[in-house]
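What follows is target03.tsv (TSV, C-alpha atoms).
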```
chain	number	residue	atom	x	y	z
A	20	MET	CA	0.00	0.00	0.00
A	21	ALA	CA	2.77	2.46	0.91
A	22	THR	CA	4.73	1.66	-2.22
A	23	SER	CA	1.74	2.45	-4.42
A	24	LEU	CA	1.47	5.91	-2.81
A	25	ILE	CA	5.15	6.53	-3.45
A	26	LEU	CA	4.79	5.44	-7.06
A	27	MET	CA	1.80	7.75	-7.54
A	28	ALA	CA	3.58	10.71	-5.93
A	29	ARG	CA	6.62	10.31	-8.17
A	30	PRO	CA	4.93	11.34	-11.48
A	31	VAL	CA	3.39	14.37	-9.77
A	32	ALA	CA	6.82	15.47	-8.59
A	33	ASP	CA	8.21	14.96	-12.11
A	34	VAL	CA	5.48	17.13	-13.61
A	35	LEU	CA	6.11	19.84	-11.05
A	36	LEU	CA	9.86	19.78	-11.78
A	37	VAL	CA	9.20	20.07	-15.52
A	38	LEU	CA	6.84	23.00	-14.94
A	39	LEU	CA	9.34	24.67	-12.62
A	40	GLY	CA	12.10	24.26	-15.21
A	41	LEU	CA	9.83	25.69	-17.91
A	42	VAL	CA	8.98	28.76	-15.82
A	43	ILE	CA	12.64	29.36	-14.94
A	44	GLY	CA	13.62	29.01	-18.61
A	45	LEU	CA	10.94	31.48	-19.69
A	46	VAL	CA	12.04	34.06	-17.11
A	47	ILE	CA	15.71	33.74	-18.06
A	48	GLY	CA	14.82	33.86	-21.77
A	49	PHE	CA	12.77	37.02	-21.25
A	50	PHE	CA	15.58	38.90	-19.55
A	51	VAL	CA	18.23	37.73	-22.04
A	52	THR	CA	16.03	38.77	-24.97
A	53	LYS	CA	15.32	42.15	-23.35
A	54	ARG	CA	19.03	42.79	-22.82
A	55	VAL	CA	19.94	41.84	-26.40
A	56	PHE	CA	17.12	43.99	-27.79
A	57	THR	CA	18.15	47.09	-25.83
A	58	LYS	CA	21.80	46.55	-26.82
A	59	GLN	CA	20.79	46.38	-30.50
A	60	LEU	CA	18.76	49.60	-30.17
A	61	GLU	CA	21.74	51.38	-28.61
A	62	GLN	CA	24.08	50.24	-31.40
A	63	ASN	CA	21.57	50.84	-34.23
A	64	PRO	CA	19.08	53.54	-33.25
A	65	PRO	CA	16.01	53.98	-35.43
A	66	ILE	CA	16.27	56.69	-38.08
A	67	ASN	CA	14.38	59.88	-37.34
A	68	GLU	CA	13.80	63.16	-39.19
A	69	LYS	CA	16.82	64.88	-37.67
A	70	MET	CA	19.11	62.13	-38.97
A	71	ILE	CA	17.69	62.53	-42.47
A	72	GLU	CA	18.19	66.31	-42.31
A	73	ALA	CA	21.79	65.82	-41.16
A	74	MET	CA	22.44	63.31	-43.96
A	75	MET	CA	21.05	65.64	-46.63
A	76	SER	CA	22.91	68.62	-45.18
A	77	GLY	CA	26.09	66.55	-45.33
A	78	MET	CA	25.48	66.09	-49.04
A	79	GLY	CA	25.41	69.85	-49.45
A	80	ARG	CA	21.72	70.71	-49.59
A	81	LYS	CA	19.13	72.00	-47.15
A	82	PRO	CA	16.04	69.78	-47.34
A	83	SER	CA	12.53	71.12	-46.93
A	84	GLN	CA	10.24	69.62	-44.32
A	85	LYS	CA	8.15	68.09	-47.12
A	86	GLN	CA	11.19	66.25	-48.52
A	87	VAL	CA	12.09	64.93	-45.08
A	88	ARG	CA	8.54	63.66	-44.54
A	89	GLN	CA	8.53	62.00	-47.97
A	90	ILE	CA	11.76	60.16	-47.19
A	91	MET	CA	10.40	59.06	-43.79
A	92	GLN	CA	7.23	57.74	-45.45
A	93	GLN	CA	9.28	55.83	-48.02
A	94	MET	CA	11.45	54.29	-45.31
A	95	ASN	CA	8.43	53.28	-43.23
A	96	LYS	CA	6.75	51.84	-46.32
A	97	TYR	CA	9.65	49.45	-47.04
A	98	LYS	CA	10.37	48.30	-43.46
```
Go ahead and render the structure in this file as C-alpha cells.
Amino acid sequence: MATSLILMARPVADVLLVLLGLVIGLVIGFFVTKRVFTKQLEQNPPINEKMIEAMMSGMGRKPSQKQVRQIMQQMNKYK
C-alpha cells in the first residue's frame, strides 16, 4: 500500500519539476532577450527626421520639411 502511494507521488513530482524548469527558462529567456534587444537599439538607433536632415545637409543641400517627410514615409513603407 505504501509503495503504491510513493509510485503515484513520483509522477506528480516529475510534472512539477518540468513545470518549474519551464517557468525558470521562460524568465531567463525574457531577460536575455530584453538585454539583447536594448543593446541592438543602442548600437543601431532607429532613423528619425533629424538624422535625415543631417544626412542631406552633409550632401550639401538643405532639405525642406516636405522632402524629409517623404523620405520618412518611403522608409516606413519598405520596413
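Taking CA of Lys85 (chain A) as the reference point, CA of Tyr97 (chain A) is found at 18.7 Å.
The space separating CA of Lys69 (chain A) from CA of Gln93 (chain A) comes to 15.7 Å.
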First collect every listed atom of region 80-94 of chain A; then fit an axis-aligned box around them, widen it by 3 Å on each side, and give centre and edge lengths in Å to one decimal, as AutoDock Vina command-line options.
```
--center_x 14.5 --center_y 63.1 --center_z -46.7 --size_x 20.5 --size_y 23.7 --size_z 11.8
```
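In this structure, CA of Gln92 (chain A) sits 26.2 Å away from CA of Lys58 (chain A).
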Seminar exercise, completed: Across A:Ile47, A:Ala32, A:Val37, A:Met70, the smallest distance to Pro82 (chain A), with all atoms listed in the file counted, is shown by A:Met70
Exercise. So which residues touch Glu72 (chain A) within 9 Å, counting all atoms listed in the file, skipping near sequence neighbours fewer than 4 positions away, as a ChimeraX atom specification?
Worked result: /A:67-68,76-77,81-84,87
Fill-in result for region 62-92 of chain A, N, CA and C atoms as a PDB file, in the frame of the given file:
```
ATOM      1  N   GLN A  62      23.091  50.278 -30.319  1.00  0.00           N
ATOM      2  CA  GLN A  62      24.080  50.240 -31.400  1.00  0.00           C
ATOM      3  C   GLN A  62      23.497  50.738 -32.712  1.00  0.00           C
ATOM      4  N   ASN A  63      22.221  50.469 -32.973  1.00  0.00           N
ATOM      5  CA  ASN A  63      21.570  50.840 -34.230  1.00  0.00           C
ATOM      6  C   ASN A  63      20.256  51.560 -33.931  1.00  0.00           C
ATOM      7  N   PRO A  64      20.329  52.837 -33.578  1.00  0.00           N
ATOM      8  CA  PRO A  64      19.080  53.540 -33.250  1.00  0.00           C
ATOM      9  C   PRO A  64      18.205  53.710 -34.493  1.00  0.00           C
ATOM     10  N   PRO A  65      16.895  53.780 -34.288  1.00  0.00           N
ATOM     11  CA  PRO A  65      16.010  53.980 -35.430  1.00  0.00           C
ATOM     12  C   PRO A  65      16.233  55.356 -36.052  1.00  0.00           C
ATOM     13  N   ILE A  66      16.039  55.431 -37.363  1.00  0.00           N
ATOM     14  CA  ILE A  66      16.270  56.690 -38.080  1.00  0.00           C
ATOM     15  C   ILE A  66      15.102  57.633 -37.830  1.00  0.00           C
ATOM     16  N   ASN A  67      15.422  58.888 -37.526  1.00  0.00           N
ATOM     17  CA  ASN A  67      14.380  59.880 -37.340  1.00  0.00           C
ATOM     18  C   ASN A  67      14.600  61.047 -38.299  1.00  0.00           C
ATOM     19  N   GLU A  68      13.751  62.044 -38.239  1.00  0.00           N
ATOM     20  CA  GLU A  68      13.800  63.160 -39.190  1.00  0.00           C
ATOM     21  C   GLU A  68      15.090  63.967 -39.063  1.00  0.00           C
ATOM     22  N   LYS A  69      15.583  64.118 -37.847  1.00  0.00           N
ATOM     23  CA  LYS A  69      16.820  64.880 -37.670  1.00  0.00           C
ATOM     24  C   LYS A  69      18.006  64.193 -38.344  1.00  0.00           C
ATOM     25  N   MET A  70      18.031  62.861 -38.304  1.00  0.00           N
ATOM     26  CA  MET A  70      19.110  62.130 -38.970  1.00  0.00           C
ATOM     27  C   MET A  70      19.041  62.321 -40.485  1.00  0.00           C
ATOM     28  N   ILE A  71      17.836  62.327 -41.026  1.00  0.00           N
ATOM     29  CA  ILE A  71      17.690  62.530 -42.470  1.00  0.00           C
ATOM     30  C   ILE A  71      18.130  63.936 -42.849  1.00  0.00           C
ATOM     31  N   GLU A  72      17.752  64.932 -42.044  1.00  0.00           N
ATOM     32  CA  GLU A  72      18.190  66.310 -42.310  1.00  0.00           C
ATOM     33  C   GLU A  72      19.705  66.410 -42.266  1.00  0.00           C
ATOM     34  N   ALA A  73      20.333  65.765 -41.277  1.00  0.00           N
ATOM     35  CA  ALA A  73      21.790  65.820 -41.160  1.00  0.00           C
ATOM     36  C   ALA A  73      22.453  65.133 -42.355  1.00  0.00           C
ATOM     37  N   MET A  74      21.886  64.020 -42.808  1.00  0.00           N
ATOM     38  CA  MET A  74      22.440  63.310 -43.960  1.00  0.00           C
ATOM     39  C   MET A  74      22.358  64.175 -45.219  1.00  0.00           C
ATOM     40  N   MET A  75      21.213  64.809 -45.427  1.00  0.00           N
ATOM     41  CA  MET A  75      21.050  65.640 -46.630  1.00  0.00           C
ATOM     42  C   MET A  75      21.901  66.896 -46.546  1.00  0.00           C
ATOM     43  N   SER A  76      22.041  67.448 -45.354  1.00  0.00           N
ATOM     44  CA  SER A  76      22.910  68.620 -45.180  1.00  0.00           C
ATOM     45  C   SER A  76      24.361  68.249 -45.439  1.00  0.00           C
ATOM     46  N   GLY A  77      24.734  67.027 -45.066  1.00  0.00           N
ATOM     47  CA  GLY A  77      26.090  66.550 -45.330  1.00  0.00           C
ATOM     48  C   GLY A  77      26.367  66.391 -46.811  1.00  0.00           C
ATOM     49  N   MET A  78      25.314  66.191 -47.593  1.00  0.00           N
ATOM     50  CA  MET A  78      25.480  66.090 -49.040  1.00  0.00           C
ATOM     51  C   MET A  78      25.463  67.467 -49.699  1.00  0.00           C
ATOM     52  N   GLY A  79      25.307  68.504 -48.914  1.00  0.00           N
ATOM     53  CA  GLY A  79      25.410  69.850 -49.450  1.00  0.00           C
ATOM     54  C   GLY A  79      24.091  70.500 -49.835  1.00  0.00           C
ATOM     55  N   ARG A  80      22.987  70.042 -49.283  1.00  0.00           N
ATOM     56  CA  ARG A  80      21.720  70.710 -49.590  1.00  0.00           C
ATOM     57  C   ARG A  80      20.854  70.776 -48.344  1.00  0.00           C
ATOM     58  N   LYS A  81      20.040  71.795 -48.276  1.00  0.00           N
ATOM     59  CA  LYS A  81      19.130  72.000 -47.150  1.00  0.00           C
ATOM     60  C   LYS A  81      17.760  71.459 -47.554  1.00  0.00           C
ATOM     61  N   PRO A  82      17.322  70.363 -46.947  1.00  0.00           N
ATOM     62  CA  PRO A  82      16.040  69.780 -47.340  1.00  0.00           C
ATOM     63  C   PRO A  82      14.857  70.534 -46.747  1.00  0.00           C
ATOM     64  N   SER A  83      13.749  70.538 -47.473  1.00  0.00           N
ATOM     65  CA  SER A  83      12.530  71.120 -46.930  1.00  0.00           C
ATOM     66  C   SER A  83      11.859  70.072 -46.026  1.00  0.00           C
ATOM     67  N   GLN A  84      10.935  70.530 -45.219  1.00  0.00           N
ATOM     68  CA  GLN A  84      10.240  69.620 -44.320  1.00  0.00           C
ATOM     69  C   GLN A  84       9.435  68.585 -45.118  1.00  0.00           C
ATOM     70  N   LYS A  85       8.909  68.998 -46.260  1.00  0.00           N
ATOM     71  CA  LYS A  85       8.150  68.090 -47.120  1.00  0.00           C
ATOM     72  C   LYS A  85       9.042  66.957 -47.628  1.00  0.00           C
ATOM     73  N   GLN A  86      10.267  67.283 -48.029  1.00  0.00           N
ATOM     74  CA  GLN A  86      11.190  66.250 -48.520  1.00  0.00           C
ATOM     75  C   GLN A  86      11.539  65.268 -47.400  1.00  0.00           C
ATOM     76  N   VAL A  87      11.748  65.789 -46.216  1.00  0.00           N
ATOM     77  CA  VAL A  87      12.090  64.930 -45.080  1.00  0.00           C
ATOM     78  C   VAL A  87      10.936  63.982 -44.785  1.00  0.00           C
ATOM     79  N   ARG A  88       9.703  64.506 -44.786  1.00  0.00           N
ATOM     80  CA  ARG A  88       8.540  63.660 -44.540  1.00  0.00           C
ATOM     81  C   ARG A  88       8.378  62.600 -45.616  1.00  0.00           C
ATOM     82  N   GLN A  89       8.637  62.967 -46.877  1.00  0.00           N
ATOM     83  CA  GLN A  89       8.530  62.000 -47.970  1.00  0.00           C
ATOM     84  C   GLN A  89       9.531  60.861 -47.786  1.00  0.00           C
ATOM     85  N   ILE A  90      10.742  61.193 -47.405  1.00  0.00           N
ATOM     86  CA  ILE A  90      11.760  60.160 -47.190  1.00  0.00           C
ATOM     87  C   ILE A  90      11.362  59.264 -46.015  1.00  0.00           C
ATOM     88  N   MET A  91      10.833  59.854 -44.944  1.00  0.00           N
ATOM     89  CA  MET A  91      10.400  59.060 -43.790  1.00  0.00           C
ATOM     90  C   MET A  91       9.267  58.113 -44.191  1.00  0.00           C
ATOM     91  N   GLN A  92       8.332  58.602 -45.008  1.00  0.00           N
ATOM     92  CA  GLN A  92       7.230  57.740 -45.450  1.00  0.00           C
ATOM     93  C   GLN A  92       7.749  56.598 -46.308  1.00  0.00           C
TER      94      GLN A  92
END
```
